[in-house]
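This report concerns only the one structure given below.
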Amino acid sequence: MDKIDIIQKIKNEKVISVVRSENEEEIEKIVSAVVAGGVHLIEITMTVPNAIRIIENLAQKYKNTDVVIGAGTVLDAETARFVISAGAEFIVSPIFNKDLMKLCNRYRVLMIPGIATPTEANNAMEHGADIVKLFPRNAYGPEIIKVFRGPFPYIQIIPTGNISLEDSDKWIKNGAIAIGVGGEIINPAKNGDYEKTTEMARDFIERVK
């Protein structure tokens, strides 16, 4: 899928599921449960054991479907090159790294760097970031999106981490283009309740419409 199409898909669907687990087989089951609930944007973090192999397997499994597999917690250009080769169609980082940004721009792969201040936001956008990740999200409330959009009216922000179902729509109403959700969606599946994960994924999609 082209970079522009992925950006539009993120803006349309508004939920990225951030998937972490210590077990490769469990991750595939979690992703299946999330997808069944209507979340089609999946971020596999590089903190997961065998993350590159998992990304490659998922990219093949969901090839020619509505599901887009991305890589998270990518810290450098070398890692980005590996995950792009494995089939990752978007990359997310908790930081801004100029070489990482340059490589992704070269291959027209969507790169979403992490920012926490206006200076970091400006630096990321000057180096070609189409979307930035608000990190750490825990330090802010939803109103921070409006604060950033004061001096940067065209900035496209995705807050990620510890976003509850109850608060999810508040981030969108304050101007976030999407949210990245980890534990609240996937934790039931990690405890064996895959149906609840599917239900939570569906609830998040409905909430942010």
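Identifiers for the structure tokens are assigned positionally: chains receive A, B, ... in sequence, residues are indexed from 1 per chain, and ligands are indexed from 1 in the order shown.
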
Long-range neighbours of Ile177 of chain A as number ranges by chain, 10 Å cut-off, only C-alpha atoms, 4 positions minimum in chain: A: 7-8, 10-15, 131, 145, 155-159, 171-173

Create the file for the chosen residues now, containing C-alpha atoms and written as a short mmCIF file (atom, residue, chain, number, x, y, z; two decimals), in the first residue's frame.
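selection.cif written:
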```cif
data_model
loop_
_atom_site.label_atom_id
_atom_site.label_comp_id
_atom_site.auth_asym_id
_atom_site.auth_seq_id
_atom_site.Cartn_x
_atom_site.Cartn_y
_atom_site.Cartn_z
CA ILE A 7 -1.92 7.97 5.99
CA GLN A 8 -5.50 8.19 4.75
CA ILE A 10 -5.01 5.93 9.63
CA LYS A 11 -7.15 9.07 9.45
CA ASN A 12 -10.21 7.07 8.41
CA GLU A 13 -9.96 4.20 10.89
CA LYS A 14 -8.40 6.15 13.81
CA VAL A 15 -7.17 3.17 15.86
CA ILE A 131 2.53 12.34 11.35
CA ILE A 145 -3.43 18.33 21.08
CA ILE A 155 0.38 18.99 12.60
CA GLN A 156 -1.02 15.45 12.59
CA ILE A 157 -0.64 13.79 16.01
CA ILE A 158 -1.23 10.26 17.28
CA PRO A 159 -1.12 9.85 21.08
CA TRP A 171 -8.29 12.70 22.00
CA ILE A 172 -9.99 12.67 18.61
CA LYS A 173 -12.30 15.54 19.55
#
```

Residues of segment 89-175 of chain A classed as alpha helix (DSSP H) by DSSP on the backbone are to be reported as a VMD selection string. chain A and resid 98 to 106 118 to 126 144 to 149 165 to 173

Nearest residue to Glu126 of chain A out of A:Asp76, A:Phe148, A:Phe96, A:Asn138, using only C-alpha atoms?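 When distances to Glu126 of chain A are compared using only C-alpha atoms, the smallest one comes from A:Phe96.
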
Surrounding residues of Asn97 of chain A excluding itself and chain neighbours under 3 positions, 8 Å, only C-alpha atoms, as a JSON list (two decimals) with C-alpha atoms, in the first residue's frame:
```
[["chain", "number", "residue", "atom", "x", "y", "z"],
["A", 75, "LEU", "CA", 15.25, 3.42, 17.09],
["A", 76, "ASP", "CA", 17.63, 3.52, 14.13],
["A", 100, "LEU", "CA", 15.89, 6.91, 10.42],
["A", 101, "MET", "CA", 13.66, 9.61, 8.95],
["A", 113, "PRO", "CA", 8.57, 9.77, 15.13]]
```

6 Å contact set for Gly114 of chain A, only C-alpha atoms, chain neighbours under 2 positions out, as a PDB file with N, CA, C and O atoms, in the first residue's frame:
```
ATOM      1  N   SER A  93       8.384   5.289  16.093  1.00  0.00           N
ATOM      2  CA  SER A  93       9.516   5.377  17.005  1.00  0.00           C
ATOM      3  C   SER A  93       9.152   6.252  18.193  1.00  0.00           C
ATOM      4  O   SER A  93       8.362   7.194  18.050  1.00  0.00           O
ATOM      5  N   PRO A  94       9.717   5.988  19.377  1.00  0.00           N
ATOM      6  CA  PRO A  94       9.483   6.882  20.513  1.00  0.00           C
ATOM      7  C   PRO A  94      10.323   8.146  20.438  1.00  0.00           C
ATOM      8  O   PRO A  94      10.166   9.057  21.263  1.00  0.00           O
ATOM      9  N   ILE A  95      11.229   8.212  19.451  1.00  0.00           N
ATOM     10  CA  ILE A  95      12.155   9.338  19.326  1.00  0.00           C
ATOM     11  C   ILE A  95      12.157   9.854  17.889  1.00  0.00           C
ATOM     12  O   ILE A  95      11.592   9.233  16.990  1.00  0.00           O
ATOM     13  N   PHE A  96      12.844  11.000  17.690  1.00  0.00           N
ATOM     14  CA  PHE A  96      13.148  11.461  16.338  1.00  0.00           C
ATOM     15  C   PHE A  96      14.612  11.166  16.066  1.00  0.00           C
ATOM     16  O   PHE A  96      15.494  11.533  16.847  1.00  0.00           O
ATOM     17  N   VAL A 132       3.218  12.695  13.664  1.00  0.00           N
ATOM     18  CA  VAL A 132       4.090  12.495  14.820  1.00  0.00           C
ATOM     19  C   VAL A 132       3.325  11.753  15.914  1.00  0.00           C
ATOM     20  O   VAL A 132       2.099  11.799  15.988  1.00  0.00           O
ATOM     21  N   LYS A 133       4.093  11.079  16.743  1.00  0.00           N
ATOM     22  CA  LYS A 133       3.537  10.324  17.873  1.00  0.00           C
ATOM     23  C   LYS A 133       3.768  11.130  19.148  1.00  0.00           C
ATOM     24  O   LYS A 133       4.901  11.516  19.437  1.00  0.00           O
ATOM     25  N   LEU A 134       2.721  11.396  19.899  1.00  0.00           N
ATOM     26  CA  LEU A 134       2.860  12.085  21.178  1.00  0.00           C
ATOM     27  C   LEU A 134       3.336  11.078  22.214  1.00  0.00           C
ATOM     28  O   LEU A 134       2.623  10.126  22.550  1.00  0.00           O
ATOM     29  N   PHE A 135       4.564  11.284  22.710  1.00  0.00           N
ATOM     30  CA  PHE A 135       5.157  10.322  23.638  1.00  0.00           C
ATOM     31  C   PHE A 135       6.071  11.047  24.622  1.00  0.00           C
ATOM     32  O   PHE A 135       6.880  11.880  24.205  1.00  0.00           O
TER      33      PHE A 135
END
```

Select from chain A everything DSSP, run on the backbone, classes as strand (DSSP E or B), then give the selection as a VMD selection string. chain A and resid 15 to 19 41 to 45 68 to 72 90 to 92 110 to 112 114 to 115 132 to 134 157 to 160 179 to 181

Can I get the selection written as a short mmCIF file (atom, residue, chain, number, x, y, z; two decimals), in the first residue's frame, with N, CA, C and O atoms?
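The resulting file, part31.cif, is shown below:
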```cif
data_model
loop_
_atom_site.label_atom_id
_atom_site.label_comp_id
_atom_site.auth_asym_id
_atom_site.auth_seq_id
_atom_site.Cartn_x
_atom_site.Cartn_y
_atom_site.Cartn_z
N VAL A 15 -7.69 4.01 14.77
CA VAL A 15 -7.17 3.17 15.86
C VAL A 15 -6.03 2.30 15.33
O VAL A 15 -6.20 1.57 14.35
N ILE A 16 -4.87 2.40 16.00
CA ILE A 16 -3.75 1.50 15.74
C ILE A 16 -3.61 0.60 16.98
O ILE A 16 -3.53 1.10 18.10
N SER A 17 -3.59 -0.69 16.77
CA SER A 17 -3.40 -1.62 17.88
C SER A 17 -1.92 -1.93 18.04
O SER A 17 -1.28 -2.44 17.12
N VAL A 18 -1.38 -1.59 19.21
CA VAL A 18 0.03 -1.84 19.51
C VAL A 18 0.12 -3.20 20.21
O VAL A 18 -0.41 -3.37 21.31
N VAL A 19 0.77 -4.15 19.56
CA VAL A 19 0.76 -5.53 20.05
C VAL A 19 2.13 -5.91 20.60
O VAL A 19 3.15 -5.82 19.90
N LEU A 41 -5.02 -1.74 11.57
CA LEU A 41 -3.68 -1.15 11.65
C LEU A 41 -2.98 -1.77 12.86
O LEU A 41 -3.37 -1.53 13.99
N ILE A 42 -1.96 -2.58 12.60
CA ILE A 42 -1.31 -3.36 13.64
C ILE A 42 0.16 -2.95 13.75
O ILE A 42 0.90 -2.99 12.76
N GLU A 43 0.57 -2.59 14.96
CA GLU A 43 1.96 -2.22 15.21
C GLU A 43 2.61 -3.28 16.10
O GLU A 43 2.19 -3.46 17.25
N ILE A 44 3.61 -3.97 15.57
CA ILE A 44 4.38 -4.95 16.33
C ILE A 44 5.65 -4.26 16.82
O ILE A 44 6.45 -3.78 16.01
N THR A 45 5.85 -4.20 18.13
CA THR A 45 7.00 -3.47 18.65
C THR A 45 8.27 -4.30 18.57
O THR A 45 8.24 -5.53 18.68
N VAL A 68 -2.91 -3.68 7.67
CA VAL A 68 -1.59 -3.09 7.44
C VAL A 68 -0.72 -3.38 8.66
O VAL A 68 -1.09 -3.04 9.79
N ILE A 69 0.44 -3.98 8.43
CA ILE A 69 1.35 -4.33 9.51
C ILE A 69 2.48 -3.31 9.57
O ILE A 69 3.14 -3.02 8.56
N GLY A 70 2.71 -2.77 10.76
CA GLY A 70 3.79 -1.82 10.98
C GLY A 70 4.72 -2.27 12.08
O GLY A 70 4.44 -3.25 12.78
N ALA A 71 5.83 -1.57 12.23
CA ALA A 71 6.82 -1.88 13.26
C ALA A 71 6.93 -0.70 14.22
O ALA A 71 7.01 0.45 13.79
N GLY A 72 6.93 -0.99 15.52
CA GLY A 72 7.06 0.05 16.53
C GLY A 72 8.35 -0.07 17.32
O GLY A 72 9.07 -1.07 17.23
N PHE A 90 4.52 0.66 7.81
CA PHE A 90 4.73 1.93 8.51
C PHE A 90 5.63 1.66 9.69
O PHE A 90 5.73 0.54 10.18
N ILE A 91 6.31 2.71 10.14
CA ILE A 91 7.29 2.59 11.23
C ILE A 91 6.99 3.66 12.28
O ILE A 91 6.72 4.82 11.94
N VAL A 92 7.05 3.25 13.54
CA VAL A 92 6.79 4.15 14.66
C VAL A 92 7.99 4.12 15.59
O VAL A 92 8.57 3.05 15.84
N LEU A 110 5.99 5.28 5.54
CA LEU A 110 5.51 6.22 6.55
C LEU A 110 6.30 6.02 7.84
O LEU A 110 6.35 4.94 8.40
N MET A 111 6.92 7.11 8.31
CA MET A 111 7.67 7.11 9.56
C MET A 111 7.00 8.06 10.54
O MET A 111 6.77 9.22 10.23
N ILE A 112 6.63 7.55 11.72
CA ILE A 112 5.95 8.35 12.74
C ILE A 112 6.88 8.48 13.94
O ILE A 112 6.97 7.58 14.78
N GLY A 114 8.49 9.97 17.54
CA GLY A 114 7.95 10.43 18.81
C GLY A 114 8.38 11.86 19.12
O GLY A 114 9.53 12.25 18.86
N ILE A 115 7.45 12.64 19.67
CA ILE A 115 7.75 14.03 20.07
C ILE A 115 7.09 14.29 21.42
O ILE A 115 6.08 13.67 21.76
N VAL A 132 3.22 12.69 13.66
CA VAL A 132 4.09 12.50 14.82
C VAL A 132 3.33 11.75 15.91
O VAL A 132 2.10 11.80 15.99
N LYS A 133 4.09 11.08 16.74
CA LYS A 133 3.54 10.32 17.87
C LYS A 133 3.77 11.13 19.15
O LYS A 133 4.90 11.52 19.44
N LEU A 134 2.72 11.40 19.90
CA LEU A 134 2.86 12.09 21.18
C LEU A 134 3.34 11.08 22.21
O LEU A 134 2.62 10.13 22.55
N ILE A 157 -1.17 14.42 14.80
CA ILE A 157 -0.64 13.79 16.01
C ILE A 157 -1.41 12.51 16.33
O ILE A 157 -2.64 12.47 16.26
N ILE A 158 -0.65 11.49 16.75
CA ILE A 158 -1.23 10.26 17.28
C ILE A 158 -0.71 10.05 18.70
O ILE A 158 0.48 9.75 18.87
N PRO A 159 -1.55 10.20 19.72
CA PRO A 159 -1.12 9.85 21.08
C PRO A 159 -1.15 8.33 21.23
O PRO A 159 -2.03 7.66 20.70
N THR A 160 -0.17 7.80 21.95
CA THR A 160 -0.05 6.34 22.06
C THR A 160 0.24 5.91 23.49
O THR A 160 1.05 6.53 24.17
N ILE A 179 -5.45 7.20 17.44
CA ILE A 179 -4.86 6.84 18.72
C ILE A 179 -4.15 5.49 18.59
O ILE A 179 -4.57 4.65 17.79
N GLY A 180 -3.09 5.33 19.36
CA GLY A 180 -2.42 4.04 19.43
C GLY A 180 -2.78 3.39 20.75
O GLY A 180 -2.54 3.97 21.81
N VAL A 181 -3.37 2.22 20.70
CA VAL A 181 -3.88 1.56 21.91
C VAL A 181 -3.16 0.24 22.12
O VAL A 181 -3.10 -0.60 21.22
#
```

Using only C-alpha atoms: which of A:Ile54, A:Thr197, A:Asn123, A:Lys63 has the shortest distance to Ile27 of chain A: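 Checking each candidate against Ile27 of chain A, we get A:Ile54 as the closest.
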
Can you pull out the residues contacting Ala33 of chain A? Cut-off 12 Å, using only C-alpha atoms, and skip same-chain residues under 6 positions away; I want them as a count of residues only. 24

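Ranking A:Ser164, A:Leu58, A:Lys209, A:Pro142 by their shortest atom-to-atom distance to Ala176 of chain A, with only C-alpha atoms included, puts A:Pro142 first.
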
Skip Val109 of chain A itself and residues of its chain fewer than 5 positions away, then list as a list of chain:residue names all residues within 7 Å of it, counting only C-alpha atoms. A:Lys3, A:Glu89, A:Phe90, A:Cys104

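Within the 8 Å cut-off around Glu56 of chain A, using only C-alpha atoms and omitting residues fewer than 6 positions from it on the same chain, the listed residues are Val83, Ala86, Gly87 and Ala88 of chain A.
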
Enter the distance from atom CA of Asp203 of chain A to atom CA of Thr73 of chain A, in Å, rounded to one decimal. 25.7 Å

Counting only C-alpha atoms, which residue out of A:Glu120, A:Asp130, A:Glu184, A:Glu24 sits closest to Asp167 of chain A?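 Closest to Asp167 of chain A, using only C-alpha atoms: A:Glu184.
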